[in-house]
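Visitor: File coords_22.txt below, compact mmCIF, C-alpha atoms:
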```
# COMPACT_ATOMS: atom_id res chain seq x y z
CA MET R 1 37.14 -1.24 -11.07
CA SER R 2 39.21 -3.40 -8.73
CA GLU R 3 38.72 -7.14 -8.41
CA LEU R 4 37.24 -6.68 -4.93
CA GLU R 5 34.69 -4.17 -6.15
CA ARG R 6 33.75 -6.45 -9.02
CA ILE R 7 33.11 -9.38 -6.66
CA ASP R 8 31.13 -7.10 -4.38
CA ARG R 9 28.97 -5.93 -7.25
CA GLU R 10 28.40 -9.50 -8.44
CA LYS R 11 27.13 -10.34 -4.96
CA ARG R 12 24.75 -7.38 -4.92
CA LEU R 13 23.43 -8.26 -8.37
CA ALA R 14 22.90 -11.88 -7.35
CA ARG R 15 20.93 -10.69 -4.32
CA ILE R 16 18.71 -8.51 -6.49
CA ARG R 17 18.12 -11.42 -8.89
CA HIS R 18 17.23 -13.92 -6.17
CA LEU R 19 14.85 -11.64 -4.31
CA SER R 20 13.21 -10.60 -7.60
CA ALA R 21 12.72 -14.20 -8.69
CA PHE R 22 11.06 -15.03 -5.38
CA MET R 23 8.85 -11.94 -5.43
CA LYS R 24 7.82 -12.57 -9.03
CA TRP R 25 6.27 -15.88 -7.96
CA ALA R 26 4.79 -14.49 -4.75
CA VAL R 27 3.12 -11.62 -6.63
CA SER R 28 1.87 -13.95 -9.37
CA LEU R 29 0.21 -16.05 -6.68
CA VAL R 30 -1.37 -12.96 -5.11
CA LEU R 31 -2.65 -11.87 -8.54
CA VAL R 32 -4.25 -15.27 -9.17
CA LEU R 33 -5.89 -15.12 -5.72
CA ILE R 34 -7.22 -11.58 -6.34
CA LEU R 35 -8.70 -12.60 -9.69
CA LEU R 36 -10.14 -15.83 -8.30
CA LEU R 37 -11.71 -14.29 -5.19
CA GLY R 38 -12.81 -11.18 -7.07
CA GLY R 39 -14.37 -13.34 -9.78
CA LEU R 40 -16.24 -15.42 -7.19
CA VAL R 41 -17.67 -12.34 -5.48
CA ILE R 42 -18.74 -10.80 -8.82
CA VAL R 43 -20.43 -14.02 -9.96
CA GLU R 44 -22.19 -14.30 -6.62
CA LEU R 45 -23.40 -10.69 -6.78
CA ALA R 46 -24.48 -10.96 -10.41
CA LEU R 47 -26.46 -14.17 -9.96
CA PRO R 48 -29.95 -13.70 -8.57
CA THR R 49 -29.68 -16.78 -6.36
CA GLU R 50 -27.39 -17.25 -3.42
CA LEU R 51 -24.76 -19.87 -4.15
CA LEU R 52 -21.94 -19.20 -1.72
CA PHE R 53 -23.08 -16.50 0.64
CA SER R 54 -25.89 -16.92 3.10
CA PRO R 55 -28.71 -14.41 2.40
CA ASP R 56 -28.11 -12.52 5.62
CA GLU R 57 -24.57 -11.49 4.61
CA THR R 58 -24.35 -7.73 4.35
CA ILE R 59 -22.79 -5.36 1.82
CA ASP R 60 -21.50 -2.06 3.03
CA PHE R 61 -20.22 1.09 1.38
CA ALA R 62 -18.72 3.61 3.82
CA GLU R 63 -21.32 3.64 6.63
CA VAL R 64 -24.26 2.19 4.67
CA GLU R 65 -24.89 -1.47 5.40
CA ARG R 66 -27.67 -3.70 3.97
CA ARG R 67 -28.49 -7.36 3.89
CA LEU R 68 -27.76 -8.96 0.55
CA ASP R 69 -31.25 -10.39 0.06
CA GLU R 70 -32.89 -6.97 0.60
CA VAL R 71 -31.10 -5.35 -2.34
CA PRO R 72 -33.00 -5.46 -5.67
CA TYR R 73 -31.29 -7.36 -8.47
CA LEU R 74 -30.43 -4.40 -10.73
CA GLN R 75 -28.72 -2.65 -7.82
CA ARG R 76 -26.75 -5.81 -7.10
CA LEU R 77 -25.58 -5.77 -10.72
CA GLY R 78 -24.44 -2.17 -10.28
CA ILE R 79 -22.46 -3.08 -7.17
CA ALA R 80 -20.95 -6.07 -9.01
CA GLY R 81 -19.87 -3.63 -11.76
CA LEU R 82 -18.23 -1.24 -9.28
CA PHE R 83 -16.46 -4.11 -7.57
CA GLY R 84 -15.31 -5.48 -10.92
CA ILE R 85 -13.73 -2.15 -11.87
CA ALA R 86 -11.91 -1.94 -8.52
CA ILE R 87 -10.58 -5.50 -8.92
CA ALA R 88 -9.46 -4.74 -12.49
CA LEU R 89 -7.56 -1.60 -11.41
CA LEU R 90 -5.87 -3.41 -8.52
CA SER R 91 -4.98 -6.34 -10.78
CA LEU R 92 -3.38 -3.99 -13.30
CA ALA R 93 -1.21 -2.44 -10.56
CA VAL R 94 -0.24 -5.89 -9.25
CA TRP R 95 0.47 -7.15 -12.80
CA ASN R 96 2.89 -4.26 -13.36
CA ILE R 97 4.58 -4.98 -10.02
CA ARG R 98 5.05 -8.57 -11.20
CA GLN R 99 6.53 -7.37 -14.48
CA VAL R 100 9.03 -5.13 -12.64
CA PHE R 101 10.20 -8.08 -10.54
CA LYS R 102 10.47 -10.18 -13.70
CA ARG R 103 12.60 -7.55 -15.44
CA PHE R 104 14.81 -7.09 -12.38
CA GLN R 105 15.32 -10.85 -12.31
CA ALA R 106 16.50 -10.62 -15.94
CA MET R 107 18.77 -7.69 -14.85
CA GLU R 108 16.97 -5.29 -17.20
CA PHE R 109 17.17 -2.47 -14.68
CA PHE R 110 17.04 0.49 -17.01
CA SER R 111 15.30 -0.85 -20.10
CA PRO R 112 12.42 1.33 -21.34
CA LYS R 113 9.96 -1.49 -20.60
CA THR R 114 11.03 -1.66 -16.94
CA LEU R 115 10.59 2.09 -16.58
CA ALA R 116 7.20 1.95 -18.29
CA ASN R 117 6.19 -0.73 -15.77
CA VAL R 118 7.37 1.28 -12.75
CA ILE R 119 5.48 4.35 -14.00
CA SER R 120 2.41 2.19 -14.69
CA ILE R 121 2.44 0.89 -11.10
CA GLY R 122 2.28 4.50 -9.93
CA VAL R 123 -0.48 5.46 -12.38
CA TRP R 124 -2.69 2.43 -11.60
CA LEU R 125 -2.23 2.83 -7.82
CA ILE R 126 -3.29 6.47 -8.05
CA ILE R 127 -6.29 5.61 -10.28
CA PHE R 128 -7.24 2.80 -7.89
CA ALA R 129 -7.10 5.17 -4.90
CA ILE R 130 -9.24 7.79 -6.69
CA PHE R 131 -11.74 5.17 -7.83
CA ASP R 132 -11.90 3.76 -4.30
CA LEU R 133 -12.64 7.26 -3.05
CA ILE R 134 -15.47 7.96 -5.53
CA SER R 135 -16.89 4.45 -5.31
CA ASP R 136 -18.05 5.14 -1.73
CA PRO R 137 -20.64 7.80 -2.68
CA ILE R 138 -21.61 5.99 -5.92
CA GLY R 139 -21.86 2.64 -4.14
CA SER R 140 -23.96 4.03 -1.30
CA VAL R 141 -26.41 5.63 -3.79
CA ILE R 142 -26.72 2.37 -5.75
CA LEU R 143 -27.19 0.42 -2.52
CA THR R 144 -30.05 2.64 -1.31
CA TYR R 145 -31.61 3.48 -4.71
CA ASP R 146 -34.85 1.62 -3.92
CA PHE R 147 -35.42 3.81 -0.85
CA PRO R 148 -37.86 6.72 -1.23
CA PRO R 149 -36.08 9.81 -2.71
CA GLY R 150 -35.45 11.60 0.60
CA GLU R 151 -33.91 8.55 2.25
CA ARG R 152 -31.26 7.66 -0.27
CA LEU R 153 -27.80 8.02 1.14
CA VAL R 154 -24.61 9.51 -0.25
CA GLU R 155 -21.65 8.63 1.93
CA VAL R 156 -18.21 10.06 1.42
CA SER R 157 -15.27 8.65 3.32
CA LEU R 158 -11.52 8.75 3.06
CA ASP R 159 -9.63 5.94 4.68
CA GLY R 160 -6.02 5.07 5.36
CA ALA R 161 -5.81 2.60 2.49
CA GLU R 162 -6.72 5.26 -0.06
CA ILE R 163 -4.15 7.73 1.29
CA PHE R 164 -1.57 4.94 1.38
CA CYS R 165 -2.23 4.03 -2.28
CA LEU R 166 -2.09 7.69 -3.34
CA VAL R 167 1.21 8.39 -1.58
CA LEU R 168 2.89 5.17 -2.70
CA GLY R 169 1.51 5.64 -6.22
CA ALA R 170 3.14 9.07 -6.38
CA LEU R 171 6.38 7.57 -5.05
CA MET R 172 6.39 4.93 -7.81
CA LEU R 173 5.72 7.57 -10.46
CA LEU R 174 8.65 9.65 -9.19
CA LEU R 175 10.93 6.62 -8.96
CA GLY R 176 10.03 5.74 -12.53
CA TRP R 177 11.02 9.23 -13.69
CA ILE R 178 14.26 9.10 -11.68
CA LEU R 179 15.17 5.66 -13.00
CA ARG R 180 14.72 7.10 -16.48
CA GLU R 181 17.38 9.69 -15.73
CA ALA R 182 19.56 6.79 -14.52
CA ALA R 183 18.83 4.97 -17.77
CA LEU R 184 19.98 7.95 -19.80
CA ILE R 185 23.23 8.01 -17.79
CA ALA R 186 23.70 4.27 -18.34
CA ASP R 187 23.10 4.81 -22.04
CA GLU R 188 25.65 7.64 -22.25
CA ASN R 189 28.09 5.39 -20.42
CA ARG R 190 27.66 2.70 -23.03
CA GLN R 191 28.34 5.20 -25.78
CA PHE R 192 31.61 6.23 -24.10
CA VAL R 193 32.78 2.63 -23.77
CA MET C 1 5.85 8.10 -22.64
CA LEU C 2 7.49 9.30 -25.86
CA ALA C 3 6.20 12.81 -25.32
CA ASP C 4 7.82 12.64 -21.87
CA ILE C 5 11.21 11.75 -23.31
CA ALA C 6 10.95 14.63 -25.78
CA MET C 7 10.76 17.04 -22.85
CA GLN C 8 13.95 18.98 -22.14
CA PRO C 9 16.09 17.30 -19.46
CA GLY C 10 15.83 20.47 -17.39
CA LYS C 11 12.04 20.40 -17.59
CA ARG C 12 11.93 16.72 -16.62
CA LEU C 13 14.13 17.46 -13.62
CA GLN C 14 11.90 20.36 -12.64
CA ARG C 15 8.84 18.14 -12.84
CA ILE C 16 10.46 15.55 -10.55
CA GLN C 17 11.44 18.27 -8.07
CA ARG C 18 8.01 19.92 -8.07
CA CYS C 19 6.21 16.63 -7.60
CA ALA C 20 8.67 15.60 -4.85
CA LYS C 21 8.09 18.88 -3.05
CA ALA C 22 4.32 18.46 -3.09
CA MET C 23 4.66 14.89 -1.87
CA LYS C 24 7.04 15.92 0.89
CA TRP C 25 4.32 18.18 2.28
CA ALA C 26 1.65 15.53 1.77
CA ALA C 27 3.77 12.98 3.64
CA SER C 28 4.40 15.51 6.44
CA ALA C 29 0.66 16.19 6.72
CA CYS C 30 -0.08 12.45 6.85
CA LEU C 31 2.57 12.03 9.54
CA ALA C 32 1.14 14.85 11.65
CA GLY C 33 -2.38 13.46 11.17
CA LEU C 34 -1.23 9.99 12.16
CA VAL C 35 0.53 11.22 15.33
CA LEU C 36 -2.59 13.12 16.39
CA LEU C 37 -4.87 10.20 15.60
CA SER C 38 -2.61 7.76 17.50
CA ILE C 39 -2.69 9.89 20.63
CA LEU C 40 -6.48 10.27 20.44
CA LEU C 41 -6.99 6.56 19.78
CA ALA C 42 -4.67 5.51 22.61
CA LEU C 43 -6.46 7.87 25.05
CA SER C 44 -9.90 6.74 23.92
CA ILE C 45 -9.01 3.08 24.45
CA LEU C 46 -7.45 3.76 27.86
CA PHE C 47 -10.14 6.14 29.09
CA PRO C 48 -13.29 5.44 27.04
CA THR C 49 -15.43 7.68 29.24
CA PHE C 50 -13.16 10.74 29.07
CA VAL C 51 -12.14 10.66 25.43
CA PRO C 52 -15.23 9.46 23.59
CA LEU C 53 -13.65 8.97 20.15
CA ILE C 54 -14.75 5.34 20.03
CA GLY C 55 -17.11 5.75 22.97
CA ASP C 56 -18.55 2.52 24.22
CA ASN C 57 -19.21 1.19 20.74
CA PRO C 58 -18.26 -2.40 20.21
CA VAL C 59 -14.69 -3.00 19.04
CA THR C 60 -13.81 -6.13 17.14
CA VAL C 61 -11.35 -8.34 18.98
CA GLY C 62 -10.44 -11.26 16.75
CA ASN C 63 -13.82 -12.37 15.48
CA GLN C 64 -15.74 -11.17 18.53
CA GLU C 65 -17.31 -7.85 19.27
CA ARG C 66 -16.91 -6.44 22.77
CA THR C 67 -17.39 -3.02 24.25
CA LEU C 68 -14.35 -1.29 25.68
CA SER C 69 -15.81 -0.92 29.17
CA GLU C 70 -16.11 -4.72 29.42
CA LEU C 71 -12.33 -5.01 29.25
CA SER C 72 -10.10 -4.53 32.28
CA MET C 73 -7.58 -1.70 32.47
CA ALA C 74 -4.73 -4.21 31.98
CA GLN C 75 -6.34 -5.52 28.82
CA ARG C 76 -6.96 -2.04 27.47
CA GLY C 77 -3.37 -1.06 28.35
CA SER C 78 -1.95 -4.06 26.46
CA VAL C 79 -4.13 -3.36 23.42
CA THR C 80 -2.94 0.26 23.50
CA VAL C 81 0.70 -0.85 23.54
CA LEU C 82 0.09 -3.06 20.49
CA LEU C 83 -1.63 -0.19 18.72
CA ILE C 84 1.15 2.26 19.53
CA VAL C 85 3.85 -0.13 18.28
CA SER C 86 1.93 -0.76 15.06
CA LEU C 87 1.31 2.95 14.43
CA SER C 88 4.93 3.78 15.27
CA LEU C 89 6.12 1.41 12.55
CA LEU C 90 3.81 3.19 10.13
CA MET C 91 5.15 6.56 11.32
CA GLY C 92 8.68 5.27 10.74
CA ALA C 93 7.70 4.44 7.16
CA LEU C 94 6.12 7.86 6.66
CA TRP C 95 9.18 9.60 8.08
CA ALA C 96 11.48 7.65 5.73
CA LEU C 97 9.12 8.55 2.88
CA ARG C 98 9.26 12.21 3.80
CA ARG C 99 13.08 12.15 3.90
CA LEU C 100 13.11 10.40 0.52
CA PHE C 101 10.88 13.03 -1.10
CA GLU C 102 13.05 15.73 0.45
CA ARG C 103 16.17 14.22 -1.17
CA PHE C 104 14.38 13.99 -4.50
CA GLN C 105 13.32 17.62 -4.18
CA ASN C 106 17.01 18.53 -3.77
CA ALA C 107 17.77 16.43 -6.87
CA GLU C 108 20.00 14.13 -4.78
CA PHE C 109 18.73 11.03 -6.55
CA PHE C 110 21.69 8.75 -6.12
CA ALA C 111 23.30 10.09 -2.94
CA GLY C 112 24.10 7.57 -0.21
CA LYS C 113 21.54 9.10 2.14
CA THR C 114 18.78 8.84 -0.47
CA LEU C 115 19.46 5.14 -0.89
CA ASP C 116 19.51 4.73 2.90
CA ALA C 117 16.10 6.39 3.08
CA MET C 118 14.77 4.00 0.44
CA ALA C 119 16.13 0.94 2.19
CA SER C 120 14.66 2.10 5.49
CA LEU C 121 11.26 2.77 3.88
CA GLY C 122 11.30 -0.82 2.60
CA PHE C 123 12.28 -2.18 6.01
CA TRP C 124 9.61 -0.14 7.87
CA LEU C 125 6.89 -1.31 5.48
CA ILE C 126 7.96 -4.95 5.79
CA SER C 127 8.19 -4.71 9.61
CA PHE C 128 4.75 -3.09 9.74
CA ALA C 129 3.32 -5.95 7.66
CA ILE C 130 4.95 -8.60 9.85
CA PHE C 131 3.92 -6.88 13.11
CA ASP C 132 0.36 -6.38 11.84
CA PHE C 133 0.18 -10.08 11.05
CA ALA C 134 1.63 -11.09 14.44
CA SER C 135 -0.55 -8.69 16.43
CA ASP C 136 -3.85 -10.28 15.28
CA PRO C 137 -3.56 -13.42 17.42
CA VAL C 138 -1.99 -11.51 20.33
CA SER C 139 -4.70 -8.85 20.44
CA SER C 140 -7.52 -11.40 20.20
CA LEU C 141 -5.94 -13.32 23.09
CA ILE C 142 -5.64 -10.12 25.16
CA GLY C 143 -9.23 -9.18 24.36
CA THR C 144 -10.56 -12.51 25.62
CA MET C 145 -8.10 -12.98 28.52
CA ASP C 146 -10.85 -12.53 31.12
CA TYR C 147 -12.83 -15.45 29.69
CA PRO C 148 -12.46 -18.84 31.36
CA GLU C 149 -9.65 -20.97 29.98
CA GLY C 150 -10.84 -22.80 26.88
CA GLN C 151 -12.98 -19.90 25.67
CA ARG C 152 -10.11 -17.58 24.95
CA VAL C 153 -9.63 -16.84 21.29
CA VAL C 154 -6.41 -16.85 19.28
CA ASP C 155 -7.34 -15.54 15.87
CA VAL C 156 -4.83 -15.64 13.02
CA ALA C 157 -5.61 -13.68 9.87
CA VAL C 158 -3.77 -12.42 6.84
CA ASP C 159 -5.47 -9.51 5.15
CA GLY C 160 -4.92 -7.61 1.95
CA ARG C 161 -3.26 -4.71 3.74
CA GLU C 162 -0.49 -6.91 5.14
CA ILE C 163 0.18 -8.59 1.79
CA PHE C 164 0.14 -5.23 0.01
CA CYS C 165 2.61 -3.66 2.50
CA MET C 166 4.87 -6.68 2.21
CA ILE C 167 4.94 -6.55 -1.61
CA LEU C 168 5.42 -2.78 -1.81
CA GLY C 169 8.06 -2.88 0.95
CA THR C 170 10.07 -5.44 -0.99
CA LEU C 171 9.61 -3.49 -4.22
CA VAL C 172 10.94 -0.29 -2.63
CA LEU C 173 13.89 -2.20 -1.11
CA LEU C 174 14.75 -3.69 -4.51
CA LEU C 175 14.39 -0.32 -6.23
CA GLY C 176 16.84 1.06 -3.66
CA TRP C 177 19.37 -1.64 -4.54
CA VAL C 178 18.83 -1.03 -8.27
CA MET C 179 19.37 2.70 -7.79
CA ARG C 180 22.64 1.96 -6.02
CA GLU C 181 23.80 0.23 -9.21
CA ALA C 182 22.66 3.34 -11.07
CA ALA C 183 24.74 5.45 -8.67
CA VAL C 184 27.82 3.32 -9.35
CA LEU C 185 27.25 3.82 -13.09
CA ALA C 186 26.87 7.57 -12.67
CA GLU C 187 30.12 7.65 -10.69
CA GLU C 188 31.97 5.70 -13.40
CA ASN C 189 30.54 8.10 -15.95
CA ARG C 190 31.94 11.07 -14.08
CA GLN C 191 35.38 9.41 -13.98
CA ILE C 192 35.36 8.80 -17.73
CA VAL C 193 34.54 12.45 -18.40
```
Please render this file's structure as C-alpha cells.
Guide:
Amino acid sequence: MSELERIDREKRLARIRHLSAFMKWAVSLVLVLILLLGGLVIVELALPTELLFSPDETIDFAEVERRLDEVPYLQRLGIAGLFGIAIALLSLAVWNIRQVFKRFQAMEFFSPKTLANVISIGVWLIIFAIFDLISDPIGSVILTYDFPPGERLVEVSLDGAEIFCLVLGALMLLLGWILREAALIADENRQFV
Amino acid sequence: MLADIAMQPGKRLQRIQRCAKAMKWAASACLAGLVLLSILLALSILFPTFVPLIGDNPVTVGNQERTLSELSMAQRGSVTVLLIVSLSLLMGALWALRRLFERFQNAEFFAGKTLDAMASLGFWLISFAIFDFASDPVSSLIGTMDYPEGQRVVDVAVDGREIFCMILGTLVLLLGWVMREAAVLAEENRQIV
C-alpha cells in the first residue's frame, strides 16, 4: 500500500469513527426518550385514574377509536400490555443499532459481536413489524370487548411503517450475513500476514 | 449464530442470494405500489370530486382539520407538489434498495456499484427525513394561507418516522463505508494469493 493510499484510508476510518461516535449518542438519547415516553403512556393506561391525559383523549387501533374513559379497566390493562410489548421490541432494535455504532466507533468492524448486533437489528425490526401488524386486530378486539358479541370489531390494516420496517429489517439481516463473509476474508488475511 | 457459521460457505452464499432475490421483488412491488398510490393521491388532492380517494373527508393541515374543497386550487396544487417531492425521495430510496438487493443477488457484495447503491440509499433516507421535517411547517402554512394574517399556522413537528429514517439512513451510509474497507481487504487478499 502506498503512502497516499494509507493516508486516504486513515481519513476514511476517522470519518467512520467520528460519525459513529455522534450517532451512538444520538441513538442513546432516542432510546431514553422512547423508554421514558413509553413508560409514561403505560403507567397512564395501567392506572385507573387519569393523571396526565384528559379523559376525552382517544385510543385508536386501525380504524377503531374510543374515548379513554369509556374503556373498562381490564381492557385498558390489555392495551397497556400490547403497547409495552411494542415499545420493548422497538427498544431492542434501537439498542442493537446503538451497539453497532459503538463497535464501529471502536473500529471493530468485523468482530463477531458487531455482526451479531447487525443481524439482531434485522431480526428485531422484522419481529416489530409483524407484531405491529397483528396488534391491530388484537388491539381492536380488546378495545371493543365490552360491546355486545355481534358488535365487536376486528380491524386488520397494513401501513407504510410496517412495510418499511420489514424491508429494512431484511436488508439489515442480509448485510449482517454479508459482513460475516467479509469478516472471514479479513480473518484469512490475518492468517496470511 | 454458531449453527449458521457451521453451514457450508456455498450454502450461506446461496441463502444470501435467495433472500436478496425475494427482497428485490418485494422492493420492486413496493416501488410500483408507491408510484400508483402517489398518482392517485396527487389526483385526489387536485380534483377531490373526480378522484374520490380521500373524498371530502377532513385532512389534517398542521394541527387543524380542513376539508379539501375549502382550499383553493393554488393551495391544493402547492400541497400536491410537496407530497410529490416527499414521495419521490422515498421512491429514490426504494430504487436504491432494489439495486442493492439486485447486486447482492448477483453476489457482487463489494463491487464499487454496490457500495454506491448503499451510499445513495443512505442519502435518500436522510434527505427524506430532512424534507419530511421541513415540509410540516410549509404545508401547514399553505393550508391556512387563506386565513387572515395572524391566524395562519406554522406548525413544526418531529415525529418518530423522521427520527427513524434519519438513524437508519446514517446506519446504512456507515455500513457502506465499512464495506468499502472490507472490499479493500478482499482486494489485498487476492494480491497476496
Visitor: For atom CA of R:Leu174 and atom CA of R:Val123, quote the distance in Å rounded to one decimal.
Guide: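 Between atom CA of R:Leu174 and atom CA of R:Val123 the gap works out to 10.5 Å.
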Visitor: Which protein, DNA or RNA residues have an atom at most 9 Å from (-3.0, -17.3, 11.4), counting all atoms listed in the file? List them as a PyMOL selection string.
Guide: chain C and resi 133-134+136-137+154-158
Visitor: Report the distance between atom CA of C:Asp146 and atom CA of C:Gly77 in Å, rounded to one decimal place.
Guide: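 Distance reported for this atom pair: 14.0 Å.
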Visitor: Quick check: residues of chain R within 7 Å of chain C, all atoms listed in the file, returned as a ChimeraX atom specification.
Guide: /R:16,109,174,182,185-186,189
Visitor: Only C-alpha atoms, please: the residues just picked out, written as a PDB file, in the coordinates of the input.
Guide:
```pdb
ATOM      1  CA  ILE R  16      18.710  -8.510  -6.490  1.00  0.00           C
ATOM      2  CA  PHE R 109      17.170  -2.470 -14.680  1.00  0.00           C
ATOM      3  CA  LEU R 174       8.650   9.650  -9.190  1.00  0.00           C
ATOM      4  CA  ALA R 182      19.560   6.790 -14.520  1.00  0.00           C
ATOM      5  CA  ILE R 185      23.230   8.010 -17.790  1.00  0.00           C
ATOM      6  CA  ALA R 186      23.700   4.270 -18.340  1.00  0.00           C
ATOM      7  CA  ASN R 189      28.090   5.390 -20.420  1.00  0.00           C
TER       8      ASN R 189
END
```
Visitor: Would you pick out the contacts of R:Ile97 at 8 Å or less, using all atoms listed in the file, so that residues sharing its chain but fewer than 6 positions from it are not included, and give the list as a CSV table (one decimal) with C-alpha atoms, in the coordinates of the input?
Guide:
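Now in result.csv:
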```csv
chain,number,residue,atom,x,y,z
R,27,VAL,CA,3.1,-11.6,-6.6
R,117,ASN,CA,6.2,-0.7,-15.8
R,118,VAL,CA,7.4,1.3,-12.8
R,121,ILE,CA,2.4,0.9,-11.1
C,171,LEU,CA,9.6,-3.5,-4.2
```
Visitor: Considering all atoms listed in the file, state which residue in the set C:Leu125, C:Leu71, C:Met118, C:Ala42 is at the smallest distance from C:Leu90.
Guide: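 Closest to C:Leu90, using all atoms listed in the file: C:Leu125.
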Visitor: I'd like to know which of C:Ser127, C:Ser72, C:Ile84, C:Gln105 is closest to C:Tyr147, using only C-alpha atoms.
Guide: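 Of the candidates, the smallest distance to C:Tyr147 is held by C:Ser72.
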Visitor: Taking the block above, write stretch 85-133 of chain C with C-alpha atoms as a compact mmCIF listing (two decimals), in the first residue's frame.
Guide:
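Contents of the output file result-v2.txt:
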```txt
# COMPACT_ATOMS: atom_id res chain seq x y z
CA VAL C 85 -41.36 15.70 -3.74
CA SER C 86 -41.64 13.76 -0.49
CA LEU C 87 -42.84 10.58 -2.22
CA SER C 88 -40.16 10.93 -4.91
CA LEU C 89 -37.46 10.92 -2.24
CA LEU C 90 -38.98 7.73 -0.86
CA MET C 91 -39.09 6.25 -4.37
CA GLY C 92 -35.41 7.16 -4.78
CA ALA C 93 -34.66 5.22 -1.59
CA LEU C 94 -36.70 2.23 -2.78
CA TRP C 95 -34.97 2.27 -6.16
CA ALA C 96 -31.53 2.32 -4.49
CA LEU C 97 -32.71 -0.53 -2.25
CA ARG C 98 -33.84 -2.53 -5.25
CA ARG C 99 -30.48 -2.02 -7.00
CA LEU C 100 -28.70 -3.05 -3.80
CA PHE C 101 -30.68 -6.29 -3.50
CA GLU C 102 -30.02 -6.97 -7.18
CA ARG C 103 -26.24 -6.65 -6.62
CA PHE C 104 -26.46 -8.94 -3.60
CA GLN C 105 -28.41 -11.46 -5.68
CA ASN C 106 -25.52 -11.45 -8.18
CA ALA C 107 -23.11 -11.96 -5.26
CA GLU C 108 -21.41 -8.64 -6.07
CA PHE C 109 -21.07 -7.74 -2.40
CA PHE C 110 -18.07 -5.49 -2.52
CA ALA C 111 -18.22 -4.12 -6.07
CA GLY C 112 -17.99 -0.34 -6.48
CA LYS C 113 -21.55 -0.12 -7.76
CA THR C 114 -22.90 -2.00 -4.74
CA LEU C 115 -21.23 0.46 -2.40
CA ASP C 116 -22.59 3.35 -4.49
CA ALA C 117 -26.08 1.91 -4.13
CA MET C 118 -25.64 1.70 -0.36
CA ALA C 119 -24.38 5.25 -0.08
CA SER C 120 -27.27 6.51 -2.20
CA LEU C 121 -29.81 4.57 -0.11
CA GLY C 122 -28.39 6.29 2.99
CA PHE C 123 -28.54 9.71 1.32
CA TRP C 124 -32.14 9.22 0.07
CA LEU C 125 -33.32 8.14 3.52
CA ILE C 126 -31.61 11.10 5.20
CA SER C 127 -32.98 13.55 2.60
CA PHE C 128 -36.47 12.11 3.03
CA ALA C 129 -36.22 12.61 6.79
CA ILE C 130 -35.00 16.20 6.42
CA PHE C 131 -37.62 17.06 3.78
CA ASP C 132 -40.38 15.46 5.83
CA PHE C 133 -39.33 17.58 8.79
```
